[in-house]
$ cat final14.tsv   # TSV, C-alpha atoms and all ligand atoms
chain	number	residue	atom	x	y	z
R	1	MET	CA	-104.77	59.53	-10.26
R	2	ASN	CA	-101.42	57.85	-10.95
R	3	LEU	CA	-101.19	54.12	-11.48
R	4	LEU	CA	-98.27	52.61	-9.58
R	5	ASP	CA	-97.17	49.99	-12.08
R	6	GLY	CA	-95.44	47.13	-10.27
R	7	LYS	CA	-95.00	45.18	-13.48
R	8	LEU	CA	-92.97	47.97	-15.02
R	9	VAL	CA	-90.86	48.74	-11.94
R	10	SER	CA	-90.17	45.06	-11.20
R	11	ALA	CA	-89.11	44.42	-14.82
R	12	LYS	CA	-86.48	47.14	-14.49
R	13	ILE	CA	-85.27	45.76	-11.15
R	14	LYS	CA	-85.02	42.25	-12.60
R	15	GLU	CA	-83.01	43.56	-15.56
R	16	ASP	CA	-80.48	44.98	-13.09
R	17	ILE	CA	-80.42	41.72	-11.11
R	18	LYS	CA	-79.83	39.76	-14.31
R	19	LYS	CA	-76.74	41.86	-15.11
R	20	ASP	CA	-75.50	41.50	-11.55
R	21	ALA	CA	-76.09	37.73	-11.57
R	22	ALA	CA	-74.10	37.37	-14.81
R	23	ASP	CA	-71.28	39.29	-13.18
R	24	PHE	CA	-71.49	37.07	-10.07
R	25	THR	CA	-71.43	33.94	-12.23
R	26	ALA	CA	-68.30	35.15	-14.03
R	27	GLN	CA	-66.55	35.87	-10.75
R	28	ALA	CA	-67.74	32.94	-8.60
R	29	GLY	CA	-67.79	30.27	-11.33
R	30	ARG	CA	-71.41	29.41	-10.58
R	31	LYS	CA	-74.83	31.04	-10.59
R	32	PRO	CA	-76.57	32.39	-7.47
R	33	HIS	CA	-78.58	29.46	-6.12
R	34	LEU	CA	-82.01	29.58	-4.44
R	35	VAL	CA	-83.61	26.55	-2.81
R	36	ALA	CA	-87.36	26.46	-2.12
R	37	ILE	CA	-88.86	23.83	0.16
R	38	LEU	CA	-92.51	23.02	-0.50
R	39	VAL	CA	-94.54	20.79	1.82
R	40	GLY	CA	-97.79	19.18	0.64
R	41	ASN	CA	-99.94	19.96	-2.38
R	42	ASP	CA	-101.56	23.31	-1.64
R	43	GLY	CA	-102.50	24.75	-5.04
R	44	GLY	CA	-101.66	28.36	-4.12
R	45	SER	CA	-98.25	27.41	-2.70
R	46	GLU	CA	-97.44	25.33	-5.79
R	47	THR	CA	-98.24	28.31	-8.02
R	48	TYR	CA	-96.12	30.71	-5.93
R	49	VAL	CA	-93.12	28.37	-5.85
R	50	ALA	CA	-93.38	27.68	-9.59
R	51	SER	CA	-93.42	31.41	-10.24
R	52	LYS	CA	-90.36	31.93	-8.01
R	53	MET	CA	-88.49	29.16	-9.86
R	54	ARG	CA	-89.46	30.69	-13.22
R	55	ASN	CA	-88.19	34.07	-12.14
R	56	CYS	CA	-84.89	32.53	-10.98
R	57	GLU	CA	-84.37	31.23	-14.49
R	58	LEU	CA	-85.30	34.62	-15.93
R	59	VAL	CA	-82.60	36.46	-13.96
R	60	GLY	CA	-79.95	33.75	-14.41
R	61	PHE	CA	-80.09	31.98	-11.02
R	62	GLU	CA	-79.96	28.27	-10.37
R	63	SER	CA	-83.04	27.10	-8.48
R	64	THR	CA	-83.95	23.87	-6.72
R	65	ASN	CA	-87.40	22.91	-5.52
R	66	ILE	CA	-87.37	20.33	-2.73
R	67	ARG	CA	-90.77	18.75	-2.17
R	68	TYR	CA	-92.10	16.85	0.83
R	69	ASP	CA	-95.34	15.01	1.42
R	70	VAL	CA	-97.74	16.64	3.84
R	71	ASP	CA	-96.81	14.13	6.59
R	72	VAL	CA	-93.11	15.07	6.74
R	73	THR	CA	-92.04	15.59	10.36
R	74	GLU	CA	-90.68	18.81	11.84
R	75	GLU	CA	-87.42	16.96	12.63
R	76	GLN	CA	-86.99	15.82	9.02
R	77	LEU	CA	-87.57	19.33	7.77
R	78	ILE	CA	-85.14	20.87	10.24
R	79	ALA	CA	-82.49	18.25	9.36
R	80	LYS	CA	-82.82	19.24	5.68
R	81	ILE	CA	-82.58	22.94	6.55
R	82	GLN	CA	-79.40	22.30	8.53
R	83	GLU	CA	-77.91	20.41	5.59
R	84	ILE	CA	-78.69	23.38	3.29
R	85	ASN	CA	-77.32	25.85	5.85
R	86	ALA	CA	-73.98	24.02	5.66
R	87	ASP	CA	-73.94	23.79	1.86
R	88	ALA	CA	-71.72	26.53	0.42
R	89	SER	CA	-73.21	26.05	-3.07
R	90	ILE	CA	-76.61	27.32	-1.87
R	91	ASP	CA	-77.08	31.03	-1.22
R	92	GLY	CA	-80.76	31.44	-0.37
R	93	LEU	CA	-83.37	29.21	1.26
R	94	ILE	CA	-87.11	29.69	1.52
R	95	VAL	CA	-89.71	27.42	3.06
R	96	GLN	CA	-93.06	28.14	1.45
R	97	LEU	CA	-95.80	29.00	3.97
R	98	PRO	CA	-98.30	27.95	5.17
R	99	LEU	CA	-97.03	24.68	6.62
R	100	PRO	CA	-99.21	21.78	7.83
R	101	LYS	CA	-100.54	22.22	11.38
R	102	HIS	CA	-98.14	19.71	12.99
R	103	ILE	CA	-95.13	21.86	11.96
R	104	ASP	CA	-94.33	25.02	13.93
R	105	PRO	CA	-93.50	27.77	11.37
R	106	ASP	CA	-91.49	29.71	13.98
R	107	LYS	CA	-89.19	26.72	14.60
R	108	ILE	CA	-88.68	26.30	10.86
R	109	THR	CA	-87.97	29.99	10.31
R	110	GLU	CA	-85.46	30.05	13.16
R	111	ALA	CA	-83.71	26.92	11.84
R	112	ILE	CA	-82.71	28.74	8.63
R	113	ASP	CA	-79.29	30.41	8.73
R	114	TYR	CA	-80.19	34.11	8.83
R	115	ARG	CA	-77.56	34.73	6.13
R	116	LYS	CA	-79.57	32.51	3.74
R	117	ASP	CA	-82.97	33.76	4.96
R	118	VAL	CA	-83.90	35.60	1.76
R	119	ASP	CA	-87.55	35.82	2.88
R	120	GLY	CA	-86.33	38.01	5.76
R	121	PHE	CA	-88.51	36.21	8.33
R	122	HIS	CA	-85.75	35.16	10.78
R	123	PRO	CA	-85.84	37.11	14.09
R	124	ILE	CA	-82.25	38.30	13.49
R	125	ASN	CA	-83.24	39.87	10.17
R	126	LEU	CA	-86.41	41.36	11.65
R	127	GLY	CA	-84.46	42.81	14.59
R	128	ARG	CA	-81.81	44.26	12.31
R	129	MET	CA	-84.51	45.75	10.09
R	130	GLN	CA	-86.07	47.47	13.10
R	131	ARG	CA	-82.62	48.88	13.98
R	132	ASN	CA	-82.08	50.09	10.40
R	133	LEU	CA	-79.06	47.75	9.98
R	134	PRO	CA	-78.18	45.77	6.83
R	135	CYS	CA	-80.48	42.72	6.64
R	136	PHE	CA	-82.88	40.82	4.41
R	137	ILE	CA	-86.18	42.67	4.38
R	138	PRO	CA	-89.38	40.64	3.78
R	139	ALA	CA	-90.07	40.75	0.06
R	140	THR	CA	-93.55	42.31	0.02
R	141	PRO	CA	-92.87	45.31	2.29
R	142	TYR	CA	-89.45	45.73	0.64
R	143	GLY	CA	-91.12	45.87	-2.78
R	144	ILE	CA	-93.61	48.47	-1.56
R	145	MET	CA	-90.79	50.66	-0.24
R	146	LEU	CA	-88.96	50.46	-3.58
R	147	MET	CA	-92.16	51.31	-5.42
R	148	LEU	CA	-92.68	54.41	-3.24
R	149	ASP	CA	-89.08	55.32	-3.94
R	150	HIS	CA	-89.38	54.71	-7.68
R	151	TYR	CA	-92.42	56.99	-7.98
R	152	LYS	CA	-90.78	59.60	-5.72
R	153	ILE	CA	-93.72	59.57	-3.33
R	154	GLU	CA	-92.92	61.82	-0.39
R	155	THR	CA	-93.36	59.85	2.83
R	156	ALA	CA	-91.65	62.03	5.46
R	157	GLY	CA	-94.16	63.44	7.91
R	158	LYS	CA	-97.04	61.64	6.22
R	159	HIS	CA	-99.61	59.65	8.13
R	160	ALA	CA	-99.57	56.03	6.99
R	161	VAL	CA	-102.27	53.59	8.01
R	162	VAL	CA	-101.46	49.90	7.58
R	163	VAL	CA	-104.46	47.56	7.69
R	164	GLY	CA	-103.36	44.07	8.76
R	165	ARG	CA	-100.53	43.11	11.14
R	166	SER	CA	-99.23	39.79	9.78
R	167	ASN	CA	-95.57	38.89	10.31
R	168	ILE	CA	-94.92	38.84	6.58
R	169	VAL	CA	-96.67	42.03	5.45
R	170	GLY	CA	-98.44	44.43	7.83
R	171	SER	CA	-96.12	44.32	10.79
R	172	PRO	CA	-92.78	44.76	8.90
R	173	MET	CA	-94.49	47.35	6.68
R	174	SER	CA	-95.34	49.48	9.71
R	175	ILE	CA	-91.72	49.29	10.93
R	176	LEU	CA	-90.28	50.28	7.54
R	177	LEU	CA	-92.61	53.23	7.08
R	178	ALA	CA	-91.79	54.52	10.58
R	179	ARG	CA	-87.99	54.13	10.28
R	180	ASN	CA	-85.77	57.16	10.15
R	181	ALA	CA	-84.97	56.58	6.48
R	182	ASN	CA	-86.09	57.58	3.02
R	183	PRO	CA	-88.69	56.35	2.19
R	184	GLY	CA	-89.86	56.29	5.79
R	185	ASN	CA	-90.32	58.90	8.51
R	186	CYS	CA	-94.09	58.36	8.45
R	187	THR	CA	-96.33	58.57	11.45
R	188	VAL	CA	-97.76	55.07	11.37
R	189	THR	CA	-101.01	53.59	12.62
R	190	LEU	CA	-101.07	49.78	12.51
R	191	THR	CA	-104.63	48.46	12.47
R	192	HIS	CA	-106.14	44.96	12.70
R	193	SER	CA	-109.36	43.08	13.36
R	194	ARG	CA	-109.63	44.48	16.90
R	195	THR	CA	-109.25	48.12	15.84
R	196	LYS	CA	-112.22	50.25	16.85
R	197	ASP	CA	-113.72	52.45	14.15
R	198	LEU	CA	-111.35	51.40	11.39
R	199	LYS	CA	-113.00	53.75	8.90
R	200	THR	CA	-112.08	56.84	10.95
R	201	GLU	CA	-108.48	55.60	11.25
R	202	VAL	CA	-108.16	54.90	7.52
R	203	LEU	CA	-109.77	58.22	6.57
R	204	ARG	CA	-106.90	60.04	8.32
R	205	ALA	CA	-104.30	58.36	6.11
R	206	ASP	CA	-102.09	60.02	3.51
R	207	ILE	CA	-100.83	56.52	2.65
R	208	ILE	CA	-102.95	53.37	3.02
R	209	VAL	CA	-101.45	49.89	2.90
R	210	ALA	CA	-104.20	47.28	2.71
R	211	ALA	CA	-103.05	43.75	3.67
R	212	ILE	CA	-106.16	42.03	4.94
R	213	GLY	CA	-107.11	39.28	2.50
R	214	LYS	CA	-110.72	40.42	1.92
R	215	LYS	CA	-111.84	41.67	-1.47
R	216	ASN	CA	-113.17	45.24	-1.75
R	217	PHE	CA	-112.52	45.81	1.96
R	218	VAL	CA	-111.25	49.38	1.50
R	219	THR	CA	-114.03	51.42	-0.10
R	220	ALA	CA	-114.01	54.95	-1.52
R	221	ASP	CA	-115.75	56.42	1.55
R	222	MET	CA	-112.76	55.31	3.67
R	223	VAL	CA	-110.23	57.22	1.57
R	224	LYS	CA	-109.10	60.83	1.98
R	225	PRO	CA	-108.92	62.54	-1.44
R	226	GLY	CA	-105.41	62.32	-2.85
R	227	ALA	CA	-104.29	59.44	-0.61
R	228	ILE	CA	-101.71	56.92	-1.87
R	229	ILE	CA	-103.19	53.43	-1.97
R	230	ILE	CA	-101.05	50.29	-1.78
R	231	ASP	CA	-103.16	47.17	-2.27
R	232	VAL	CA	-101.40	43.99	-1.11
R	233	GLY	CA	-104.46	41.72	-1.18
R	234	MET	CA	-104.69	38.75	-3.51
R	235	ASN	CA	-108.24	37.45	-3.60
R	236	ARG	CA	-110.51	35.87	-6.20
R	237	ASN	CA	-113.78	37.53	-7.21
R	238	ALA	CA	-116.99	35.70	-8.15
R	239	GLU	CA	-115.67	35.15	-11.70
R	240	GLY	CA	-112.44	33.69	-10.32
R	241	LYS	CA	-110.39	36.74	-11.34
R	242	LEU	CA	-107.58	38.02	-9.13
R	243	CYS	CA	-108.52	41.13	-7.14
R	244	GLY	CA	-107.12	43.07	-4.21
R	245	ASP	CA	-108.38	44.29	-0.83
R	246	VAL	CA	-109.32	47.67	-2.30
R	247	ASP	CA	-112.43	48.51	-4.32
R	248	PHE	CA	-110.19	49.65	-7.18
R	249	GLU	CA	-112.83	51.01	-9.57
R	250	ASN	CA	-114.30	53.44	-7.04
R	251	VAL	CA	-111.20	54.18	-4.95
R	252	LYS	CA	-109.16	55.20	-8.01
R	253	GLU	CA	-111.54	58.15	-8.47
R	254	VAL	CA	-110.53	59.51	-5.04
R	255	ALA	CA	-106.91	58.37	-4.71
R	256	GLY	CA	-103.78	60.33	-5.63
R	257	ALA	CA	-102.08	57.11	-6.72
R	258	ILE	CA	-102.97	53.43	-6.52
R	259	THR	CA	-101.48	50.00	-7.20
R	260	PRO	CA	-103.58	47.67	-9.39
R	261	VAL	CA	-104.21	43.98	-8.68
R	262	PRO	CA	-102.83	42.18	-10.56
R	263	GLY	CA	-99.75	44.13	-11.66
R	264	GLY	CA	-98.98	46.08	-8.48
R	265	VAL	CA	-97.44	44.66	-5.33
R	266	GLY	CA	-97.34	41.02	-6.55
R	267	PRO	CA	-94.61	41.38	-9.20
R	268	MET	CA	-92.59	43.59	-6.85
R	269	THR	CA	-92.62	40.83	-4.22
R	270	ILE	CA	-91.04	38.29	-6.58
R	271	ALA	CA	-88.45	40.80	-7.76
R	272	MET	CA	-87.44	41.53	-4.16
R	273	LEU	CA	-86.96	37.83	-3.44
R	274	MET	CA	-84.57	37.74	-6.41
R	275	LYS	CA	-82.83	40.86	-5.12
R	276	ASN	CA	-82.37	39.34	-1.66
R	277	CYS	CA	-81.00	36.13	-3.15
R	278	ASN	CA	-78.56	38.07	-5.30
R	279	THR	CA	-77.35	39.95	-2.22
R	280	ALA	CA	-77.07	36.71	-0.21
R	281	ALA	CA	-74.90	35.15	-2.94
R	282	ARG	CA	-72.57	38.15	-3.02
R	283	ILE	CA	-72.21	38.40	0.76
R	284	GLN	CA	-71.54	34.68	1.26
R	285	ASN	CA	-68.95	34.65	-1.52
R	286	GLY	CA	-67.11	37.76	-0.35
R	287	LEU	CA	-68.26	39.81	-3.35
R	288	LEU	CA	-70.06	42.55	-1.43
R	301	LIG	P1	-103.06	37.39	7.27
R	301	LIG	O1	-104.33	36.62	7.17
R	301	LIG	O2	-101.87	36.76	7.90
R	301	LIG	O3	-103.36	38.75	8.03
R	301	LIG	C1	-104.51	39.50	7.77
R	301	LIG	C2	-104.55	40.70	8.69
R	301	LIG	O4	-105.75	41.41	8.41
R	301	LIG	C3	-104.57	40.32	10.18
R	301	LIG	O5	-103.68	41.14	10.89
R	301	LIG	C4	-106.02	40.58	10.59
R	301	LIG	O6	-106.16	41.04	11.91
R	301	LIG	C5	-106.40	41.70	9.63
R	301	LIG	N1	-107.83	41.74	9.46
R	301	LIG	C6	-108.67	40.74	9.12
R	301	LIG	N2	-109.95	41.16	9.12
R	301	LIG	C7	-109.91	42.46	9.45
R	301	LIG	C8	-110.91	43.46	9.65
R	301	LIG	N3	-112.21	43.18	9.48
R	301	LIG	N4	-110.52	44.70	10.02
R	301	LIG	C9	-109.21	44.99	10.18
R	301	LIG	N5	-108.22	44.09	10.03
R	301	LIG	C10	-108.58	42.85	9.67
R	301	LIG	O7	-102.76	37.86	5.79
R	301	LIG	P2	-101.37	38.30	5.05
R	301	LIG	O8	-100.81	39.51	5.66
R	301	LIG	O9	-100.51	37.12	4.87
R	301	LIG	O10	-101.96	38.64	3.61
R	301	LIG	C11	-102.93	39.66	3.41
R	301	LIG	C12	-103.35	39.65	1.95
R	301	LIG	O11	-102.21	39.96	1.16
R	301	LIG	C13	-103.86	38.31	1.43
R	301	LIG	O12	-104.83	38.56	0.43
R	301	LIG	C14	-102.63	37.69	0.79
R	301	LIG	O13	-102.96	36.76	-0.22
R	301	LIG	C15	-101.97	38.91	0.23
R	301	LIG	N6	-100.53	38.80	0.04
R	301	LIG	C16	-100.06	39.30	-1.13
R	301	LIG	C17	-98.71	39.29	-1.38
R	301	LIG	C18	-98.24	39.87	-2.66
R	301	LIG	O14	-97.12	39.63	-3.05
R	301	LIG	N7	-99.04	40.68	-3.33
R	301	LIG	C19	-97.75	38.71	-0.44
R	301	LIG	C20	-98.35	38.28	0.80
R	301	LIG	C21	-99.71	38.32	1.00
R	301	LIG	P3	-105.81	40.12	13.21
R	301	LIG	O15	-104.32	40.13	13.31
R	301	LIG	O16	-106.46	40.82	14.34
R	301	LIG	O17	-106.36	38.76	12.93

$ encode --input "final14.tsv" --output "structure tokens"
Amino acid sequence: MNLLDGKLVSAKIKEDIKKDAADFTAQAGRKPHLVAILVGNDGGSETYVASKMRNCELVGFESTNIRYDVDVTEEQLIAKIQEINADASIDGLIVQLPLPKHIDPDKITEAIDYRKDVDGFHPINLGRMQRNLPCFIPATPYGIMLMLDHYKIETAGKHAVVVGRSNIVGSPMSILLARNANPGNCTVTLTHSRTKDLKTEVLRADIIVAAIGKKNFVTADMVKPGAIIIDVGMNRNAEGKLCGDVDFENVKEVAGAITPVPGGVGPMTIAMLMKNCNTAARIQNGLL
């Protein structure tokens, strides 16, 4: 069994971004700049945004965190997004999800200029991704593709089963794995809560991507010997420790390769956000 070490791979990627950002700063006279909008006081969201800001500093970006109370209106938020869209000193904009119920996340996502949409959630970026055109790819699936590439995992002709069809992970993941590209060229099955006989589907997989949000959901009896396991889940176990959607201890005995939680997909996700922001800065300043 090979451990797919996201910490190691992401550190290397961030080193490259840091060099590139220094070069950008020398040419543009300012650092790449990421703005993160955070609404309310959700503990998880606060932690994610703080980590994104910390990583900006690490790679030599400027970062700004704009905070709103939970009762901010959709109109106020959209007005702020439009102001940022028009601000040439800002390269990337993310609005941390989830948003309070009175705000439509689709409206917010579509309000962001797709050229600053470094989360890759705007329909223009998603459409371009599906067409294999240059675009911002959502950070988590993008990180998984780079990890497969880094470890030279052959994907062409393989059967990939993605469990979970969210807009930010499962759904874009299925598109990327099926694209005529390398990595890619998989035969993909996208499964969800309405899938009948999930175990049989997952057992057929050469590559399993688990993005469900339920700890120990994928068990060893669901895994074909030698399969590649990508665990996206971020859950807490009874002791409060971070754990994935895969029963790591038992599945690792069957798998060909597996990502740990923590230290697998999570650090790759942050690195890909930095990579997208770096690209956005270069494109908008005519340096790419
Ligand atoms: P969502 O809750 O948006 O989606 C979960 C998906 O799992 C849904 O498609 C749902 O199906 C499916 N599902 C739920 N129960 C079952 C079941 N019993 N059988 C089959 N499918 C099921 O979650 P996300 O995609 O946002 O996140 C998934 C996990 O990944 C979470 O733990 C999250 O914290 C983590 N995550 C980790 C990231 C990282 O960087 N490591 C980044 C983003 C997320 P249906 O559509 O039918 O409801």

$ residues_around --input "final14.tsv" --residues "Asn85 in chain R" --least-positions-apart "5" --cutoff "10 Å" --atoms "all atoms listed in the file" --output "number ranges by chain"
R: 79-80, 90-93, 111-117

$ closest_atom_pairs --input "final14.tsv" --of "chain R" --to "ligand LIG 301 (chain R)" --cutoff "7 Å" --atoms "only C-alpha atoms and all ligand atoms" --output "Markdown table"
| residue | atom | partner | partner_atom | distance |
| --- | --- | --- | --- | --- |
| R:Thr140 | CA | R:LIG301 | O14 | 5.4 |
| R:Val163 | CA | R:LIG301 | N5 | 5.6 |
| R:Gly164 | CA | R:LIG301 | C2 | 3.6 |
| R:Arg165 | CA | R:LIG301 | O5 | 3.7 |
| R:Ser166 | CA | R:LIG301 | O8 | 4.4 |
| R:Ile168 | CA | R:LIG301 | O8 | 6.0 |
| R:Val169 | CA | R:LIG301 | O8 | 4.9 |
| R:Gly170 | CA | R:LIG301 | O8 | 5.9 |
| R:Thr191 | CA | R:LIG301 | N5 | 6.2 |
| R:His192 | CA | R:LIG301 | N5 | 3.5 |
| R:Ser193 | CA | R:LIG301 | N5 | 3.7 |
| R:Arg194 | CA | R:LIG301 | O16 | 5.5 |
| R:Thr195 | CA | R:LIG301 | C9 | 6.5 |
| R:Leu198 | CA | R:LIG301 | C9 | 6.9 |
| R:Ala211 | CA | R:LIG301 | C11 | 4.1 |
| R:Ile212 | CA | R:LIG301 | O4 | 3.5 |
| R:Gly213 | CA | R:LIG301 | O12 | 3.2 |
| R:Lys214 | CA | R:LIG301 | O12 | 6.4 |
| R:Val232 | CA | R:LIG301 | N7 | 4.6 |
| R:Gly233 | CA | R:LIG301 | O12 | 3.6 |
| R:Met234 | CA | R:LIG301 | O12 | 3.9 |
| R:Asn235 | CA | R:LIG301 | O12 | 5.4 |
| R:Gly244 | CA | R:LIG301 | O12 | 6.9 |
| R:Asp245 | CA | R:LIG301 | O12 | 6.9 |
| R:Val265 | CA | R:LIG301 | N7 | 4.7 |
| R:Gly266 | CA | R:LIG301 | N7 | 3.7 |
| R:Pro267 | CA | R:LIG301 | O14 | 6.9 |
| R:Thr269 | CA | R:LIG301 | O14 | 4.8 |

$ residues_near_point --input "final14.tsv" --point "(-97.7, 21.6, -0.8)" --cutoff "8 Å" --atoms "only C-alpha atoms" --output "count of residues only"
12

$ residues_around --input "final14.tsv" --residues "range 14-29 of chain R" --least-positions-apart "5" --cutoff "10 Å" --atoms "all atoms listed in the file" --output "list in words"
Val9, Asn55, Cys56, Glu57, Leu58, Val59, Gly60, Phe61, Met268, Ile270, Ala271, Met272, Met274, Lys275, Asn276, Cys277, Asn278, Thr279, Ala281, Arg282, Asn285, Gly286 and Leu287 of chain R

$ closest_residue --input "final14.tsv" --among "R:Val246, R:Arg179, R:Gly240, R:Ile258" --to "Ile207 in chain R" --atoms "only C-alpha atoms"
R:Ile258

$ residues_near_point --input "final14.tsv" --point "(-97.4, 50.0, 2.3)" --cutoff "9 Å" --atoms "all atoms listed in the file" --output "list in words"
Thr140, Pro141, Ile144, Met145, Leu148, Ala160, Val161, Val162, Val169, Gly170, Met173, Ser174, Leu176, Leu177, Ile207, Ile208, Val209, Ala210, Ala211, Ile229, Ile230, Asp231 and Val232 of chain R

$ closest_residue --input "final14.tsv" --among "R:Tyr151, R:Ala280, R:His33, R:Val218" --to "Gly120 in chain R" --atoms "only C-alpha atoms"
R:Ala280

$ atom_distance --input "final14.tsv" --atom1 "CA of Asp5 in chain R" --atom2 "CA of His159 in chain R"
22.5 Å

$ atom_distance --input "final14.tsv" --atom1 "CA of Thr47 in chain R" --atom2 "CA of Leu3 in chain R"
26.2 Å

$ atom_distance --input "final14.tsv" --atom1 "CA of Asp197 in chain R" --atom2 "CA of Val223 in chain R"
13.9 Å

$ closest_residue --input "final14.tsv" --among "R:Thr200, R:Thr187, R:Ser63, R:Gln96" --to "Pro32 in chain R" --atoms "all atoms listed in the file"
R:Ser63

$ closest_residue --input "final14.tsv" --among "R:Gln82, R:Ser10, R:Thr189, R:Gln76" --to "Val202 in chain R" --atoms "all atoms listed in the file"
R:Thr189

$ closest_residue --input "final14.tsv" --among "R:Gln284, R:Asn132, R:Ile228, R:Gly44" --to "Ala181 in chain R" --atoms "only C-alpha atoms"
R:Asn132

$ decode --input "final14.tsv" --residues "range 10-21 of chain R" --atoms "N, CA, C and O atoms" --output "short mmCIF file (atom, residue, chain, number, x, y, z; two decimals), in the first residue's frame"
data_model
loop_
_atom_site.label_atom_id
_atom_site.label_comp_id
_atom_site.auth_asym_id
_atom_site.auth_seq_id
_atom_site.Cartn_x
_atom_site.Cartn_y
_atom_site.Cartn_z
N SER R 10 1.67 19.09 -1.51
CA SER R 10 1.21 20.49 -1.46
C SER R 10 2.35 21.43 -1.06
O SER R 10 2.41 22.57 -1.52
N ALA R 11 3.27 20.95 -0.21
CA ALA R 11 4.40 21.79 0.20
C ALA R 11 5.26 22.14 -1.02
O ALA R 11 5.71 23.28 -1.19
N LYS R 12 5.44 21.16 -1.89
CA LYS R 12 6.24 21.39 -3.10
C LYS R 12 5.52 22.38 -4.03
O LYS R 12 6.15 23.29 -4.57
N ILE R 13 4.22 22.20 -4.17
CA ILE R 13 3.44 23.10 -5.03
C ILE R 13 3.50 24.52 -4.48
O ILE R 13 3.70 25.49 -5.22
N LYS R 14 3.39 24.65 -3.17
CA LYS R 14 3.40 26.00 -2.57
C LYS R 14 4.78 26.65 -2.70
O LYS R 14 4.87 27.87 -2.84
N GLU R 15 5.83 25.85 -2.67
CA GLU R 15 7.18 26.39 -2.91
C GLU R 15 7.25 27.03 -4.29
O GLU R 15 7.79 28.12 -4.46
N ASP R 16 6.71 26.33 -5.29
CA ASP R 16 6.70 26.84 -6.66
C ASP R 16 5.86 28.12 -6.76
O ASP R 16 6.25 29.08 -7.44
N ILE R 17 4.71 28.12 -6.08
CA ILE R 17 3.83 29.31 -6.12
C ILE R 17 4.56 30.50 -5.48
O ILE R 17 4.48 31.62 -5.98
N LYS R 18 5.27 30.23 -4.40
CA LYS R 18 5.99 31.30 -3.70
C LYS R 18 7.00 31.97 -4.64
O LYS R 18 7.09 33.21 -4.68
N LYS R 19 7.72 31.15 -5.40
CA LYS R 19 8.71 31.71 -6.35
C LYS R 19 7.99 32.53 -7.42
O LYS R 19 8.41 33.62 -7.78
N ASP R 20 6.89 31.98 -7.90
CA ASP R 20 6.12 32.64 -8.95
C ASP R 20 5.53 33.96 -8.44
O ASP R 20 5.50 34.95 -9.16
N ALA R 21 5.06 33.95 -7.18
CA ALA R 21 4.46 35.15 -6.60
C ALA R 21 5.51 36.24 -6.43
O ALA R 21 5.24 37.43 -6.65
#
